[in-house]
$ cat final.tsv   # TSV, C-alpha atoms
chain	number	residue	atom	x	y	z
A	29	MET	CA	0.00	0.00	0.00
A	30	GLN	CA	2.73	2.46	0.97
A	31	ASN	CA	4.77	1.54	-2.12
A	32	ALA	CA	1.76	2.18	-4.37
A	33	LEU	CA	1.14	5.52	-2.68
A	34	ALA	CA	4.81	6.50	-3.01
A	35	PHE	CA	4.70	5.59	-6.70
A	36	GLY	CA	1.54	7.69	-7.11
A	37	GLU	CA	3.18	10.69	-5.44
A	38	LEU	CA	6.25	10.33	-7.65
A	39	THR	CA	4.05	10.14	-10.73
A	40	LEU	CA	2.12	13.19	-9.60
A	41	PHE	CA	5.23	15.27	-9.00
A	42	SER	CA	6.63	14.26	-12.40
A	43	ILE	CA	3.40	15.26	-14.17
A	44	ARG	CA	2.34	18.21	-12.03
A	45	GLY	CA	5.19	20.38	-13.28
A	46	PRO	CA	4.06	20.63	-16.93
A	47	ILE	CA	0.37	20.83	-15.95
A	48	ALA	CA	1.10	23.51	-13.37
A	49	LYS	CA	2.88	25.58	-16.00
A	50	GLN	CA	-0.10	25.28	-18.33
A	51	GLU	CA	-2.43	26.15	-15.47
A	52	LEU	CA	-0.63	29.44	-14.93
A	53	LYS	CA	-1.15	30.31	-18.60
A	54	LEU	CA	-4.91	29.73	-18.65
A	55	PRO	CA	-6.93	32.64	-20.08
A	56	VAL	CA	-8.84	34.81	-17.64
A	57	TYR	CA	-12.55	34.06	-17.45
A	58	LYS	CA	-14.56	37.28	-17.05
A	59	ALA	CA	-18.14	35.92	-17.12
A	60	HIS	CA	-19.18	38.69	-19.52
A	61	SER	CA	-21.39	36.55	-21.76
A	62	SER	CA	-24.78	38.08	-22.54
A	63	GLN	CA	-26.21	34.55	-22.76
A	64	MET	CA	-25.21	33.42	-19.29
A	65	GLY	CA	-28.76	32.18	-18.72
A	66	MET	CA	-28.16	29.46	-21.32
A	67	ARG	CA	-24.93	28.31	-19.71
A	68	ARG	CA	-26.42	25.79	-17.24
A	69	TYR	CA	-28.59	24.23	-19.94
A	70	LEU	CA	-25.65	23.82	-22.32
A	71	ALA	CA	-23.41	22.40	-19.58
A	72	ASP	CA	-26.08	19.81	-18.72
A	73	LEU	CA	-26.47	19.03	-22.40
A	74	LEU	CA	-22.76	18.35	-22.80
A	75	THR	CA	-22.79	16.22	-19.64
A	76	ILE	CA	-25.60	14.05	-21.01
A	77	LEU	CA	-24.05	13.73	-24.46
A	78	SER	CA	-20.66	12.80	-23.01
A	79	SER	CA	-22.25	10.21	-20.74
A	80	ARG	CA	-24.17	8.61	-23.60
A	81	CYS	CA	-21.03	8.58	-25.73
A	82	GLN	CA	-19.14	7.11	-22.75
A	83	LEU	CA	-16.45	9.78	-22.84
A	84	CYS	CA	-13.93	10.23	-20.05
A	85	PRO	CA	-14.37	13.02	-17.45
A	86	THR	CA	-11.42	14.98	-18.87
A	87	ALA	CA	-13.14	15.23	-22.26
A	88	ARG	CA	-16.37	16.36	-20.61
A	89	HIS	CA	-14.68	19.06	-18.54
A	90	LEU	CA	-12.57	20.26	-21.44
A	91	ALA	CA	-15.69	20.57	-23.63
A	92	VAL	CA	-17.52	22.70	-21.04
A	93	TYR	CA	-14.40	24.82	-20.48
A	94	LEU	CA	-14.01	25.47	-24.21
A	95	LEU	CA	-17.66	26.50	-24.39
A	96	ASP	CA	-17.28	28.85	-21.41
A	97	LEU	CA	-14.27	30.59	-22.93
A	98	PHE	CA	-15.92	30.93	-26.33
A	99	MET	CA	-19.15	32.35	-24.88
A	100	ASP	CA	-17.09	34.76	-22.79
A	101	ARG	CA	-15.51	36.20	-25.93
A	102	TYR	CA	-18.31	36.17	-28.51
A	103	ASP	CA	-22.05	36.72	-28.71
A	104	VAL	CA	-23.62	33.85	-30.61
A	105	ALA	CA	-27.20	33.14	-31.68
A	106	VAL	CA	-29.06	30.64	-29.53
A	107	ARG	CA	-29.43	28.14	-32.36
A	108	GLN	CA	-25.72	28.31	-33.11
A	109	LEU	CA	-24.85	27.77	-29.46
A	110	CYS	CA	-26.09	24.18	-29.65
A	111	VAL	CA	-23.92	23.51	-32.71
A	112	ILE	CA	-20.91	25.13	-31.00
A	113	SER	CA	-21.51	23.00	-27.88
A	114	VAL	CA	-21.41	19.80	-29.95
A	115	ALA	CA	-18.29	21.07	-31.76
A	116	CYS	CA	-16.61	21.68	-28.38
A	117	LEU	CA	-17.46	18.12	-27.37
A	118	LEU	CA	-15.99	16.77	-30.60
A	119	LEU	CA	-12.76	18.73	-30.19
A	120	ALA	CA	-12.40	17.68	-26.57
A	121	SER	CA	-13.02	14.01	-27.40
A	122	LYS	CA	-10.47	14.13	-30.23
A	123	PHE	CA	-7.92	15.64	-27.84
A	124	GLU	CA	-8.57	13.38	-24.82
A	125	GLU	CA	-9.95	10.11	-26.21
A	126	LYS	CA	-8.78	7.42	-28.59
A	127	GLU	CA	-9.86	7.70	-32.19
A	128	ASP	CA	-12.37	4.84	-32.02
A	129	ARG	CA	-14.17	6.51	-29.08
A	130	VAL	CA	-14.75	9.84	-30.82
A	131	PRO	CA	-18.53	10.25	-31.42
A	132	LYS	CA	-19.73	9.83	-34.99
A	133	LEU	CA	-22.04	12.27	-36.77
A	134	GLU	CA	-24.94	9.81	-36.91
A	135	GLN	CA	-24.59	9.11	-33.20
A	136	LEU	CA	-24.65	12.81	-32.34
A	137	ASN	CA	-27.72	13.43	-34.49
A	138	SER	CA	-29.48	10.52	-32.80
A	139	PHE	CA	-28.68	11.93	-29.36
A	140	ALA	CA	-29.74	15.42	-30.46
A	141	TYR	CA	-33.11	14.02	-31.53
A	142	THR	CA	-33.45	12.18	-28.22
A	143	CYS	CA	-32.71	15.40	-26.31
A	144	CYS	CA	-35.43	17.20	-28.32
A	145	LEU	CA	-32.95	19.54	-30.01
A	146	ASN	CA	-34.49	21.13	-33.07
A	147	LEU	CA	-31.40	20.82	-35.25
A	148	VAL	CA	-29.72	18.43	-37.66
A	149	LEU	CA	-25.94	18.45	-37.61
A	150	THR	CA	-24.01	18.27	-40.86
A	151	LYS	CA	-20.34	17.49	-41.40
A	152	LYS	CA	-19.81	20.85	-43.08
A	153	ASP	CA	-21.24	22.84	-40.16
A	154	LEU	CA	-19.24	20.89	-37.57
A	155	LEU	CA	-15.97	21.30	-39.47
A	156	ARG	CA	-16.58	25.03	-39.83
A	157	MET	CA	-17.29	25.35	-36.10
A	158	GLU	CA	-14.25	23.29	-35.17
A	159	LEU	CA	-11.99	25.55	-37.25
A	160	LEU	CA	-13.57	28.61	-35.67
A	161	LEU	CA	-12.91	27.23	-32.19
A	162	LEU	CA	-9.32	26.25	-32.95
A	163	GLU	CA	-8.56	29.70	-34.34
A	164	SER	CA	-10.16	31.28	-31.27
A	165	PHE	CA	-7.85	29.28	-28.97
A	166	ASP	CA	-4.77	29.65	-31.19
A	167	TRP	CA	-4.84	25.92	-31.86
A	168	ASN	CA	-3.94	25.26	-28.23
A	169	LEU	CA	-6.26	22.81	-26.46
A	170	CYS	CA	-3.83	21.89	-23.70
A	171	LEU	CA	-6.03	23.49	-21.03
A	172	PRO	CA	-5.93	21.79	-17.60
A	173	THR	CA	-9.26	21.16	-15.86
A	174	PRO	CA	-10.09	19.73	-12.42
A	175	ALA	CA	-10.63	16.33	-14.04
A	176	HIS	CA	-6.94	16.22	-14.98
A	177	TYR	CA	-5.94	16.31	-11.27
A	178	ILE	CA	-8.61	14.24	-9.55
A	179	ASP	CA	-7.18	10.78	-10.24
A	180	TYR	CA	-3.84	11.70	-8.70
A	181	TYR	CA	-5.43	13.30	-5.65
A	182	LEU	CA	-7.57	10.21	-5.06
A	183	LEU	CA	-4.41	8.16	-4.49
A	184	ALA	CA	-3.99	9.89	-1.14
A	185	SER	CA	-7.66	10.56	-0.42
A	186	VAL	CA	-7.93	7.76	2.19
A	187	SER	CA	-5.27	6.30	4.47
A	188	GLU	CA	-5.17	3.61	7.13
A	189	THR	CA	-4.81	6.22	9.87
A	190	ASP	CA	-8.11	7.92	9.00
A	191	LEU	CA	-11.08	7.65	11.33
A	192	TYR	CA	-14.74	7.09	10.46
A	193	ASN	CA	-17.06	8.52	13.14
A	194	GLY	CA	-14.15	8.32	15.56
A	195	TRP	CA	-13.36	4.69	14.78
A	196	PRO	CA	-10.56	3.30	12.62
A	197	VAL	CA	-11.40	2.55	9.00
A	198	THR	CA	-11.89	-1.21	8.66
A	199	SER	CA	-11.71	-1.37	4.86
A	200	VAL	CA	-9.68	1.24	3.05
A	201	THR	CA	-10.65	-0.26	-0.31
A	202	LYS	CA	-14.37	0.21	0.27
A	203	VAL	CA	-13.95	3.73	1.58
A	204	ARG	CA	-11.76	4.63	-1.39
A	205	ALA	CA	-14.48	3.35	-3.77
A	206	PHE	CA	-17.07	5.61	-2.14
A	207	MET	CA	-14.56	8.44	-2.12
A	208	GLU	CA	-14.10	8.13	-5.87
A	209	LYS	CA	-17.87	8.28	-6.48
A	210	TYR	CA	-18.27	11.35	-4.29
A	211	ALA	CA	-15.29	13.10	-5.85
A	212	HIS	CA	-16.64	12.62	-9.38
A	213	TYR	CA	-20.04	13.82	-8.19
A	214	PHE	CA	-18.49	17.05	-6.94
A	215	LEU	CA	-16.64	17.33	-10.25
A	216	LYS	CA	-20.02	17.41	-11.99
A	217	VAL	CA	-21.22	19.97	-9.45
A	218	SER	CA	-18.32	22.22	-10.42
A	219	LEU	CA	-19.55	22.15	-14.03
A	220	GLN	CA	-22.98	23.48	-13.14
A	221	ASP	CA	-21.92	26.93	-11.97
A	222	HIS	CA	-19.43	29.23	-13.66
A	223	ILE	CA	-18.36	30.59	-10.26
A	224	PHE	CA	-15.98	27.64	-9.91
A	225	LEU	CA	-13.98	29.04	-12.84
A	226	SER	CA	-12.73	31.73	-10.47
A	227	PHE	CA	-10.60	29.04	-8.76
A	228	ARG	CA	-7.66	27.20	-10.21
A	229	PRO	CA	-8.47	23.75	-11.59
A	230	SER	CA	-6.05	22.09	-9.18
A	231	LEU	CA	-7.78	23.81	-6.23
A	232	VAL	CA	-11.22	22.69	-7.42
A	233	ALA	CA	-10.00	19.09	-7.66
A	234	ALA	CA	-8.54	19.27	-4.15
A	235	ALA	CA	-11.82	20.76	-2.89
A	236	CYS	CA	-13.70	17.79	-4.40
A	237	VAL	CA	-11.62	15.45	-2.25
A	238	GLY	CA	-12.10	17.60	0.87
A	239	ALA	CA	-15.88	17.81	0.37
A	240	SER	CA	-16.02	14.06	-0.17
A	241	ARG	CA	-14.22	13.39	3.10
A	242	ILE	CA	-16.72	15.61	4.93
A	243	CYS	CA	-19.72	13.83	3.37
A	244	LEU	CA	-18.23	10.44	4.26
A	245	GLU	CA	-17.55	11.67	7.83
A	246	ILE	CA	-13.87	10.86	7.62
A	247	SER	CA	-11.60	12.68	10.04
A	248	PRO	CA	-9.46	14.62	9.87
A	249	SER	CA	-11.11	16.49	7.01
A	250	TRP	CA	-7.71	17.36	5.51
A	251	THR	CA	-4.50	15.53	6.19
A	252	THR	CA	-0.90	16.62	6.04
A	253	GLN	CA	-0.28	14.13	3.28
A	254	LEU	CA	-3.03	15.69	1.14
A	255	GLU	CA	-1.68	19.15	1.85
A	256	LEU	CA	1.79	18.14	0.67
A	257	LEU	CA	0.37	16.38	-2.37
A	258	THR	CA	-1.97	19.18	-3.53
A	259	CYS	CA	0.04	22.14	-2.21
A	260	TYR	CA	-3.17	23.55	-0.69
A	261	SER	CA	-3.99	24.03	2.97
A	262	TRP	CA	-7.48	23.76	4.46
A	263	GLU	CA	-7.73	27.54	4.56
A	264	ASN	CA	-7.13	27.70	0.83
A	265	LEU	CA	-9.92	25.22	0.14
A	266	ALA	CA	-12.54	26.32	2.67
A	267	THR	CA	-14.47	28.70	0.38
A	268	CYS	CA	-14.66	26.29	-2.55
A	269	ILE	CA	-15.60	23.35	-0.31
A	270	GLU	CA	-18.37	25.37	1.30
A	271	MET	CA	-19.87	26.17	-2.11
A	272	MET	CA	-19.79	22.49	-3.06
A	273	LEU	CA	-21.47	21.41	0.18
A	274	ILE	CA	-24.22	24.01	-0.32
A	275	ALA	CA	-24.90	22.59	-3.78
A	276	HIS	CA	-24.86	19.08	-2.30
A	277	ASP	CA	-27.44	19.99	0.37
A	278	LYS	CA	-29.63	21.58	-2.30
A	279	ASP	CA	-29.49	18.41	-4.39
A	280	ILE	CA	-30.48	16.31	-1.37
A	281	LYS	CA	-33.49	18.53	-0.64
A	282	GLU	CA	-34.64	18.42	-4.26
A	283	SER	CA	-34.20	14.66	-4.37
A	284	SER	CA	-36.22	14.21	-1.16
A	285	LYS	CA	-38.94	16.47	-2.54
A	286	ASP	CA	-39.11	14.50	-5.77
A	287	GLN	CA	-39.30	11.21	-3.88
A	288	MET	CA	-42.13	12.56	-1.70
A	289	THR	CA	-44.05	13.75	-4.77
A	290	LEU	CA	-43.57	10.37	-6.45
A	291	LEU	CA	-44.76	8.54	-3.32
A	292	GLN	CA	-47.88	10.70	-3.07
A	293	ARG	CA	-48.61	10.15	-6.75
A	294	GLN	CA	-48.25	6.38	-6.34
A	295	GLN	CA	-50.65	6.45	-3.38
A	296	VAL	CA	-53.24	8.39	-5.39
A	297	MET	CA	-52.93	6.08	-8.38
A	298	GLY	CA	-53.11	3.05	-6.09
A	299	SER	CA	-56.36	4.27	-4.53
A	300	LEU	CA	-57.83	4.82	-7.99
A	301	VAL	CA	-56.86	1.34	-9.14
A	302	LEU	CA	-58.72	-0.20	-6.18
A	303	GLN	CA	-61.93	1.58	-7.17
A	304	THR	CA	-64.42	0.21	-9.69
A	305	PRO	CA	-65.46	2.32	-12.69
A	306	MET	CA	-68.83	3.17	-11.08
A	307	GLN	CA	-67.07	4.35	-7.91
A	308	VAL	CA	-64.83	6.62	-9.95
A	309	LEU	CA	-67.72	8.07	-11.95
A	310	PHE	CA	-70.10	8.36	-8.99
A	311	PRO	CA	-68.07	8.86	-5.79
A	312	GLN	CA	-69.82	8.92	-2.46
A	313	SER	CA	-71.24	12.21	-1.33
A	314	ARG	CA	-69.27	14.13	1.26
A	315	TYR	CA	-72.35	16.05	2.37
A	316	HIS	CA	-75.66	14.46	3.37
A	317	PRO	CA	-78.36	17.08	4.05
A	318	MET	CA	-80.92	14.46	5.14
A	319	THR	CA	-80.93	13.02	8.62
A	320	GLN	CA	-81.81	9.52	7.41
A	321	ARG	CA	-80.30	7.70	4.47
A	322	SER	CA	-83.00	6.47	2.12
A	323	ALA	CA	-82.96	3.43	-0.10
A	324	LEU	CA	-82.75	5.76	-3.09
A	325	LEU	CA	-79.34	7.15	-2.09
A	326	SER	CA	-78.00	3.68	-1.43
A	327	GLN	CA	-78.70	2.87	-5.06
A	328	PHE	CA	-76.30	5.61	-6.19
A	329	HIS	CA	-73.65	4.34	-3.79
A	330	SER	CA	-73.82	0.78	-5.10
A	331	PRO	CA	-71.18	0.28	-7.85
A	332	VAL	CA	-73.14	-2.46	-9.59
A	333	GLN	CA	-76.50	-0.60	-9.70
A	334	ASP	CA	-77.76	0.13	-13.19
A	335	LEU	CA	-77.64	3.87	-13.98
A	336	CYS	CA	-80.93	3.88	-15.89
A	337	SER	CA	-82.72	2.08	-13.09
A	338	ALA	CA	-81.40	4.53	-10.52
A	339	TYR	CA	-82.44	7.48	-12.64
A	340	ARG	CA	-85.95	5.97	-13.22
A	341	ASP	CA	-86.46	5.41	-9.52
A	342	SER	CA	-85.30	8.93	-8.72
A	343	LEU	CA	-88.20	10.34	-10.74
A	344	GLN	CA	-90.57	8.78	-8.21
A	345	ALA	CA	-88.70	10.09	-5.14
A	346	PRO	CA	-90.74	11.97	-2.52
A	347	ARG	CA	-89.98	15.47	-1.29
A	348	PRO	CA	-87.14	16.00	1.19
A	349	SER	CA	-89.58	17.27	3.80
A	350	ASP	CA	-91.51	14.02	3.65
A	351	LEU	CA	-88.32	12.01	4.05
A	352	ALA	CA	-87.18	14.02	7.02
A	353	SER	CA	-90.55	13.67	8.76
A	354	GLY	CA	-91.27	10.12	7.61
A	355	SER	CA	-92.65	7.34	9.75
A	356	ALA	CA	-90.51	5.01	11.84
A	357	SER	CA	-91.01	2.21	9.34
A	358	GLY	CA	-89.26	4.28	6.71
A	359	SER	CA	-91.73	3.20	3.97
A	360	LEU	CA	-92.43	5.63	1.12
A	361	ARG	CA	-95.95	6.84	0.56
A	362	SER	CA	-97.64	6.32	-2.80
A	363	TYR	CA	-98.90	9.08	-5.05
A	364	SER	CA	-102.48	8.31	-4.17
A	365	SER	CA	-101.87	9.35	-0.56
A	366	LEU	CA	-100.37	12.71	-1.54
A	367	PRO	CA	-102.44	15.86	-1.54
A	368	ALA	CA	-104.01	16.76	-4.86
A	369	ARG	CA	-101.83	19.85	-5.29
A	370	PHE	CA	-98.68	17.68	-5.38
A	371	GLN	CA	-100.04	15.16	-7.86
A	372	PRO	CA	-98.83	15.72	-11.41
A	373	VAL	CA	-101.20	16.71	-14.14
A	374	VAL	CA	-101.17	14.06	-16.83
A	375	GLN	CA	-102.18	14.65	-20.44
A	376	THR	CA	-102.91	11.91	-22.92
A	377	VAL	CA	-101.41	12.31	-26.37
A	378	SER	CA	-102.40	10.08	-29.24
A	379	VAL	CA	-99.53	8.99	-31.48
A	380	GLN	CA	-100.37	8.03	-35.05
A	381	GLY	CA	-98.55	4.96	-36.32
A	382	PRO	CA	-98.89	1.34	-37.12
A	383	VAL	CA	-99.64	0.59	-33.49
A	384	ALA	CA	-101.84	2.90	-31.42
A	385	MET	CA	-100.38	3.64	-28.02
A	386	GLN	CA	-100.90	6.16	-25.27
A	387	VAL	CA	-98.01	8.22	-23.89
A	388	ALA	CA	-98.30	9.96	-20.54
A	389	ILE	CA	-96.47	13.28	-20.48
A	390	SER	CA	-96.20	15.36	-17.38
A	391	ALA	CA	-97.36	18.90	-18.04
A	392	GLU	CA	-95.77	20.22	-14.87
A	393	PRO	CA	-92.21	19.70	-13.65
A	394	ARG	CA	-91.83	17.19	-10.87
A	395	HIS	CA	-90.50	18.18	-7.49
A	396	CYS	CA	-87.28	16.16	-7.57
A	397	LEU	CA	-84.65	15.79	-4.91
A	398	SER	CA	-81.52	17.90	-5.22
A	399	LEU	CA	-78.52	15.62	-4.59
A	400	THR	CA	-75.03	16.95	-3.97
A	401	TYR	CA	-72.05	14.79	-4.90
A	402	GLY	CA	-68.34	15.32	-4.33
A	403	SER	CA	-65.88	16.09	-7.10
A	404	SER	CA	-65.04	13.16	-9.33
A	405	TYR	CA	-61.68	11.90	-10.63
A	406	PHE	CA	-62.12	13.74	-13.92
A	407	SER	CA	-62.22	17.11	-12.15
A	408	LYS	CA	-58.82	16.57	-10.58
A	409	HIS	CA	-55.59	17.98	-11.98
A	410	HIS	CA	-52.58	15.67	-11.90
A	411	SER	CA	-49.16	17.21	-12.52
A	412	TYR	CA	-46.12	15.24	-13.69
A	413	ALA	CA	-42.47	16.46	-13.32
A	414	ALA	CA	-40.25	16.91	-16.47
A	415	GLY	CA	-36.52	16.88	-16.47
A	416	CYS	CA	-34.04	19.09	-18.08
A	417	PHE	CA	-30.81	17.50	-17.95
A	418	ASP	CA	-29.05	15.72	-15.08
A	419	GLY	CA	-25.96	14.99	-15.33
$ encode --input "final.tsv" --output "structure tokens"
Amino acid sequence: MQNALAFGELTLFSIRGPIAKQELKLPVYKAHSSQMGMRRYLADLLTILSSRCQLCPTARHLAVYLLDLFMDRYDVAVRQLCVISVACLLLASKFEEKEDRVPKLEQLNSFAYTCCLNLVLTKKDLLRMELLLLESFDWNLCLPTPAHYIDYYLLASVSETDLYNGWPVTSVTKVRAFMEKYAHYFLKVSLQDHIFLSFRPSLVAAACVGASRICLEISPSWTTQLELLTCYSWENLATCIEMMLIAHDKDIKESSKDQMTLLQRQQVMGSLVLQTPMQVLFPQSRYHPMTQRSALLSQFHSPVQDLCSAYRDSLQAPRPSDLASGSASGSLRSYSSLPARFQPVVQTVSVQGPVAMQVAISAEPRHCLSLTYGSSYFSKHHSYAAGCFDG
């Protein structure tokens, strides 16, 4: 273990020199783009495209960095920004990946269609954009990003002397695996906000390791070995780490909110599945103005009751006052026992046709019951969440 770590430190010191020199020559990012509102969307788009193309983190970070520098220097139309973003991804993949892993034009067009981008990429447009980008950067794509440092810093991210919740670490291998996942998560967090471009790439990579140790509750939060390896003290990293932890807490809250919304939606859909079609169309009333429940109302509450039969019986329903003051037996009185003023006037109409028949039509409106039912399923509004990009 110690020999592997010593070899990693030697490799880092042999490589850090050239990268550190390039880091000092990085162009100044001024955040003067008039289209800064599109920046988060484009960064997420590049993250998704790079993930689907299975590109390495260095290619992803270099693509976003090229886009940031280009947007900081030029004002570009919104439609052209998408083409420039894909061109940045192509240049970064050609610089960081092997030739067989560089995305093909058909693959990019397929992904653009999947991401609902209203554009069709052509070889001519991409070549023209690539030449424009190369001329803008003086044909120099050797631009260090935090992803170029993270693998070396992870070699010393966990040691056998570290403590987890005050207890010695039982498995350094397992903790290092979780450390790697957290560190790459914070690398993606650093892509989402341009404020991280105000720090050096090596400092952002070191802050990813420090934030990961805090999330994993490993103490001490920053070791002497890490300080010697990264050349940054805890005081140098505190501001950047705090920004990463704030973004991490925000992601946790949004994730918990989404899970709660999904759980509530599943409960609602589950309750609807358990109901029969008649229960959904005719839910039970939440308000019963009558003191006694009649046999007529129970017909509406029965899911297997025929709708026409229920409606036909409702035409013969007595007045609410009679129901409220009915006898103890609860039997309904017939029309013959009603006063004459409440009996309907019936006219007889003769219908000419092959068969003579008599139709009784009520000349006066009946005094029907007014029933109040609760809102049905069709009056509800169900909202579903839509995703931009997650990467």
$ residues_around --input "final.tsv" --residues "Ser62 of chain A" --least-positions-apart "6" --cutoff "10 Å" --atoms "only C-alpha atoms" --output "list in words"
Met99, Asp100, Tyr102, Asp103 and Val104 of chain A
$ atom_distance --input "final.tsv" --atom1 "atom CA of Leu83 of chain A" --atom2 "atom CA of Lys126 of chain A"
9.9 Å
$ atom_distance --input "final.tsv" --atom1 "atom CA of Glu188 of chain A" --atom2 "atom CA of Val200 of chain A"
6.5 Å
$ residues_near_point --input "final.tsv" --point "(-13.9, 28.9, -34.1)" --cutoff "12 Å" --atoms "all atoms listed in the file" --output "VMD selection string"
chain A and resid 94 to 95 97 to 99 101 to 102 104 108 to 109 111 to 113 115 to 116 119 153 to 167
$ atom_distance --input "final.tsv" --atom1 "atom CA of Cys243 of chain A" --atom2 "atom CA of Ile269 of chain A"
11.0 Å
$ residues_around --input "final.tsv" --residues "Leu182 of chain A" --least-positions-apart "2" --cutoff "9 Å" --atoms "only C-alpha atoms" --output "short mmCIF file (atom, residue, chain, number, x, y, z; two decimals) with C-alpha atoms, keeping the file's coordinate frame"
data_model
loop_
_atom_site.label_atom_id
_atom_site.label_comp_id
_atom_site.auth_asym_id
_atom_site.auth_seq_id
_atom_site.Cartn_x
_atom_site.Cartn_y
_atom_site.Cartn_z
CA TYR A 177 -5.94 16.31 -11.27
CA ILE A 178 -8.61 14.24 -9.55
CA ASP A 179 -7.18 10.78 -10.24
CA TYR A 180 -3.84 11.70 -8.70
CA ALA A 184 -3.99 9.89 -1.14
CA SER A 185 -7.66 10.56 -0.42
CA VAL A 186 -7.93 7.76 2.19
CA ARG A 204 -11.76 4.63 -1.39
CA MET A 207 -14.56 8.44 -2.12
CA GLU A 208 -14.10 8.13 -5.87
CA ALA A 211 -15.29 13.10 -5.85
CA VAL A 237 -11.62 15.45 -2.25
#
$ residues_around --input "final.tsv" --residues "Val197 of chain A" --least-positions-apart "2" --cutoff "12 Å" --atoms "all atoms listed in the file" --output "number ranges by chain"
A: 186-195, 199-204, 244-247
$ write_last_selection --input "final.tsv" --atoms "C-alpha atoms" --output "PDB file, keeping the file's coordinate frame"
ATOM      1  CA  VAL A 186      -7.930   7.760   2.190  1.00  0.00           C
ATOM      2  CA  SER A 187      -5.270   6.300   4.470  1.00  0.00           C
ATOM      3  CA  GLU A 188      -5.170   3.610   7.130  1.00  0.00           C
ATOM      4  CA  THR A 189      -4.810   6.220   9.870  1.00  0.00           C
ATOM      5  CA  ASP A 190      -8.110   7.920   9.000  1.00  0.00           C
ATOM      6  CA  LEU A 191     -11.080   7.650  11.330  1.00  0.00           C
ATOM      7  CA  TYR A 192     -14.740   7.090  10.460  1.00  0.00           C
ATOM      8  CA  ASN A 193     -17.060   8.520  13.140  1.00  0.00           C
ATOM      9  CA  GLY A 194     -14.150   8.320  15.560  1.00  0.00           C
ATOM     10  CA  TRP A 195     -13.360   4.690  14.780  1.00  0.00           C
ATOM     11  CA  SER A 199     -11.710  -1.370   4.860  1.00  0.00           C
ATOM     12  CA  VAL A 200      -9.680   1.240   3.050  1.00  0.00           C
ATOM     13  CA  THR A 201     -10.650  -0.260  -0.310  1.00  0.00           C
ATOM     14  CA  LYS A 202     -14.370   0.210   0.270  1.00  0.00           C
ATOM     15  CA  VAL A 203     -13.950   3.730   1.580  1.00  0.00           C
ATOM     16  CA  ARG A 204     -11.760   4.630  -1.390  1.00  0.00           C
ATOM     17  CA  LEU A 244     -18.230  10.440   4.260  1.00  0.00           C
ATOM     18  CA  GLU A 245     -17.550  11.670   7.830  1.00  0.00           C
ATOM     19  CA  ILE A 246     -13.870  10.860   7.620  1.00  0.00           C
ATOM     20  CA  SER A 247     -11.600  12.680  10.040  1.00  0.00           C
TER      21      SER A 247
END
$ decode --input "final.tsv" --residues "segment 87-106 of chain A" --atoms "C-alpha atoms" --output "PDB file, in the first residue's frame"
ATOM      1  CA  ALA A  87     -13.144  15.232 -22.263  1.00  0.00           C
ATOM      2  CA  ARG A  88     -16.371  16.361 -20.613  1.00  0.00           C
ATOM      3  CA  HIS A  89     -14.677  19.055 -18.538  1.00  0.00           C
ATOM      4  CA  LEU A  90     -12.573  20.262 -21.437  1.00  0.00           C
ATOM      5  CA  ALA A  91     -15.692  20.568 -23.630  1.00  0.00           C
ATOM      6  CA  VAL A  92     -17.516  22.699 -21.044  1.00  0.00           C
ATOM      7  CA  TYR A  93     -14.399  24.816 -20.483  1.00  0.00           C
ATOM      8  CA  LEU A  94     -14.013  25.475 -24.213  1.00  0.00           C
ATOM      9  CA  LEU A  95     -17.660  26.501 -24.388  1.00  0.00           C
ATOM     10  CA  ASP A  96     -17.276  28.847 -21.405  1.00  0.00           C
ATOM     11  CA  LEU A  97     -14.267  30.590 -22.930  1.00  0.00           C
ATOM     12  CA  PHE A  98     -15.921  30.932 -26.332  1.00  0.00           C
ATOM     13  CA  MET A  99     -19.152  32.350 -24.878  1.00  0.00           C
ATOM     14  CA  ASP A 100     -17.089  34.756 -22.787  1.00  0.00           C
ATOM     15  CA  ARG A 101     -15.511  36.202 -25.928  1.00  0.00           C
ATOM     16  CA  TYR A 102     -18.307  36.171 -28.506  1.00  0.00           C
ATOM     17  CA  ASP A 103     -22.051  36.720 -28.709  1.00  0.00           C
ATOM     18  CA  VAL A 104     -23.615  33.852 -30.613  1.00  0.00           C
ATOM     19  CA  ALA A 105     -27.204  33.142 -31.678  1.00  0.00           C
ATOM     20  CA  VAL A 106     -29.061  30.643 -29.525  1.00  0.00           C
TER      21      VAL A 106
END
